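Notes to accompany the following structure.
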Amino acid sequence: MNFDLTPEQDQLRDAVRALGRRYGHSYFVEKAKTGGHTSELWSEAGRLGYLGVNIPTEYGGGGGGITELALVCEELAAAGCPLLLLVVSPAIAATVINKHGTDEQRKRHLPGLADGTQKIVFAITEPEAGSNFHRLGTVARRDGDDWLLSGRKCYISGVDEAQYVLVVARTEDASTGKLKPALFIVPTDAPGLTRSKLDMEILSPENQFLLYLDDVRLPADALVGESLDAGLPALFAGLNPERITVAAMGAGTGRYAIERASEYTATRKVWDGRSIGSHQGVAHPLAHAAVQVELARLMIHKAAALYDAGRDLEAGISGNMAKYAAGEAAALAVDTAVQALGGAGMTTEYGIATLLGAVRAGRIAPVSREMILNFVAQHVLGQDKSY
Ligand SMILES: Cc1cc2nc3c(=O)[nH]c(=O)nc-3n(C[C@H](O)[C@H](O)[C@H](O)COP(=O)(O)OP(=O)(O)OC[C@H]3O[C@@H](n4cnc5c(N)ncnc54)[C@H](O)[C@@H]3O)c2cc1C
């Protein structure tokens with residue numbers, strides 16, 4: 001058993017950390033408060049090759065795996081820049097297209113995803129279906145060689161920043177009650193595709209949208225893969241990378257909060273010249289949160305290693321557990337850090353309460369803690385499916 005990163009992974013981690021720190025949390029907050037996007041950070045990360053670490057070298061990527069992409073997600077978050085679009089564009093979309101797209105789709109999309117000039121966001125959630133994606137109501141119908149897509153999606157992140165959205169639909173002729181998914185790469189400016197921004201209580205430069213698809217006409221080659229049979233494996237291909245990278249983002253955010261709080265409590269003195277961190281009532285909750293974050297990181301490394309070794313089923317279990325653990329640990333860490341700073345914890349200046357909404361959402365999205373517990377109960381504990 002080896003817990004060490006390779007020298008290349010170590011270098012990557014240090015380099016991404018340095019980049020993240022150059023921008024920092026105040027950059028992230030300023031963009032969020034002024035309605036901007038983290039475009040400069042995204043472009044620089046793309047130019048430096050960090051967005052494409054998991055994309056094959058023949059398409060301009062780094063030829064690494066989800067281990068490397070998770071490092072990028074974690075280190076940017078640990079610098080105060082938790083970028084959700086890393087989870088949708090390089091983790092989900094690039095994996096789906098690389099593994100299940102056609103040659104032509106790989107050539108068209110992977111180089112831009114690798115250097116950050118192209119973003120593809122991901123749309124599965126629907127108002128009526130929610131966690132139950134078997135109830136998806138977005139329908140794809142054939143019209144000659146074209147496809148027509150109709151339906152509604154909700155909470156879709158980053159549509160305003162992306163050139164394409166990877167839409168999960170179902171085929172009309174397969175409406176037997178069982179999901180026969182089909183994935184489509186839809187230009188965000190396609191006629192018939194409209195959006196409205198959702199007001200969310202999350203301080204983030206990345207926004208969520210309602211999407212309306214009204215007979216969106218797409219050419220045959222917008223369908224991911226050579227045939228409709230690619231749909232189900234393509235959909236599942238995105239799940240493990242999504243779980244692992246979102247977990248890494250949570251762990252990084254937890255580290256960021258604990259680090260900020262530890263610096264503060266080690267130097268803040270309100271009693272007889274002793275730091276507030278010398279009081280166990282302040283230090284122990286922080287230490288407890290640090291343990292939870294570190295445990296989550298272990299599970300993230302395990303899940304990423306299994307995934308990169310091609311052991312998808314085991315990676316599914318570890319990835320879900322990692323996502324659960326990191327979501328809980330990040331929320332605990334940020335809440336504990338706010339408490340340790342007292343009033344300063346609620347200010348914008350100290351940059352911790354600014355993450356409360358994001359870590360709270362991390363217990364719901366992209367898969368809720370309850371749905372992970374359902375998965376673990378069924379697949380690890382052998383219980384009957386409860387839903
Ligand atoms: C910030 C943010 C960004 C997002 N970005 C995207 C995105 O880019 N693309 C995308 O497609 N979606 C996105 N989502 C949507 C997200 O994936 C969903 O919110 C999530 O899957 C839960 O679905 P829901 O909100 O419809 O909740 P519901 O399914 O309505 O569930 C409500 C509550 O009931 C619980 N619940 C439901 N069923 C069960 C059950 N069988 N057993 C136990 N508990 C259950 C859930 O855990 C949850 O707590 C985003 C959401 C947020 C908050």
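Chains: A, B, ... in order of the structure tokens. Residues: from 1 per chain. Ligands: from 1, in order shown.
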Exercise. As a PyMOL selection string, please: all residues of range 50-286 of chain A that backbone DSSP puts in strand (DSSP E).
Key: chain A and resi 120-123+139-143+146-157+164-171+181-187+193-197+208-218+269-271+274-275
Self-check item: Cut-off 9 Å, only C-alpha atoms and all ligand atoms, neighbours of ligand 1 as a PyMOL selection string
Solution: chain A and resi 84-85+87-88+121-133+153-159+167-168+200+202+206-209+357-358+360-374+386-387
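As for CA of Thr102 in chain A and CA of Ala234 in chain A, they are spaced 11.6 Å apart.
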Exercise. Would you list, as a ChimeraX atom specification, the residues of range 189-366 of chain A that end up in alpha helix (DSSP H) under DSSP run on this structure's backbone?
Key: /A:231-237,239-267,280-308,312-341,356-361
Practice problem: Please provide the set of residues having any atom within 6 Å of Gly101 in chain A, restricted to only C-alpha atoms, with same-chain residues fewer than 4 positions apart removed, written as a list in words. | Solution: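 With the cut-off at 6 Å, the set is Ile97, Gln105, Val224 and Gly225 of chain A.
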Using only C-alpha atoms, what does the table of range 233-315 of chain A residues within 12 Å of range 50-57 of chain A look like, with each row giving the shortest atom pair and its distance in Å to one decimal, sorted by chain and ascending number, as a Markdown table?
| residue | atom | partner | partner_atom | distance |
| --- | --- | --- | --- | --- |
| A:Pro241 | CA | A:Asn54 | CA | 10.2 |
| A:Thr245 | CA | A:Asn54 | CA | 11.6 |
| A:Ala304 | CA | A:Asn54 | CA | 11.6 |
| A:Tyr307 | CA | A:Asn54 | CA | 11.9 |
| A:Asp308 | CA | A:Asn54 | CA | 9.9 |
Sorted by chain and rising residue number, list the residues of range 281-376 of chain A at most 6 Å from range 252-274 of chain A (counting only C-alpha atoms), each with its closest atom pair and distance in Å to one decimal, as CSV.
residue,atom,partner,partner_atom,distance
A:Ala330,CA,A:Gly254,CA,4.4
A:Ala333,CA,A:Gly254,CA,5.1
A:Val334,CA,A:Ala257,CA,5.4
A:Ala337,CA,A:Ala261,CA,5.2
For Ala329 in chain A, please output as a PDB file with C-alpha atoms, in the first residue's frame all residues within 7 Å (counting only C-alpha atoms; exclusion window: fewer than 6 positions along the same chain).
ATOM      1  CA  GLY A 254     -12.515  22.115   4.311  1.00  0.00           C
ATOM      2  CA  ALA A 289     -12.985  18.871  11.653  1.00  0.00           C
ATOM      3  CA  GLN A 292     -12.923  14.424   9.217  1.00  0.00           C
ATOM      4  CA  VAL A 293     -11.393  16.246   6.239  1.00  0.00           C
TER       5      VAL A 293
END
Quiz prompt | Thr194 in chain A surroundings by only C-alpha atoms, 10 Å radius, close-in-sequence under 5 positions cut, as a ChimeraX atom specification | solution = /A:152,188-189,209-214,216
Self-check item: For Ala222 in chain A, the nearest of the candidates A:Asp160, A:Gly250, A:Asp115, A:Leu183, counting only C-alpha atoms
Solution: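 Residue with the minimum atom-to-atom distance to Ala222 in chain A: A:Leu183.
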Quiz item: With only C-alpha atoms as the atoms that count, which of A:Ser26, A:Gln339, A:Gln280, A:Thr67 lies nearest to Gly319 in chain A?
Solution: A:Thr67
Quiz prompt | For His301 in chain A, the nearest of the candidates A:Phe3, A:Phe236, A:Phe184, A:Tyr164, counting only C-alpha atoms | solution = A:Phe3
Practice problem: Rank A:Ile66, A:Ala32, A:Leu5, A:Ala290 by their smallest atom-to-atom distance to Ala315 in chain A, using only C-alpha atoms, and report the top residue only. | Solution: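 Looking at the shortest contact to Ala315 in chain A, the residue is A:Ile66.
Counting only C-alpha atoms, the residue from A:Ala162, A:Ile185, A:Leu223, A:Leu193 that sits nearest to Trp147 in chain A is A:Leu223.
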Self-check item: Given only C-alpha atoms as the counted atoms, nearest of A:Glu104, A:Leu76, A:Val29, A:Gly49 to Asp14 in chain A
Solution: A:Leu76
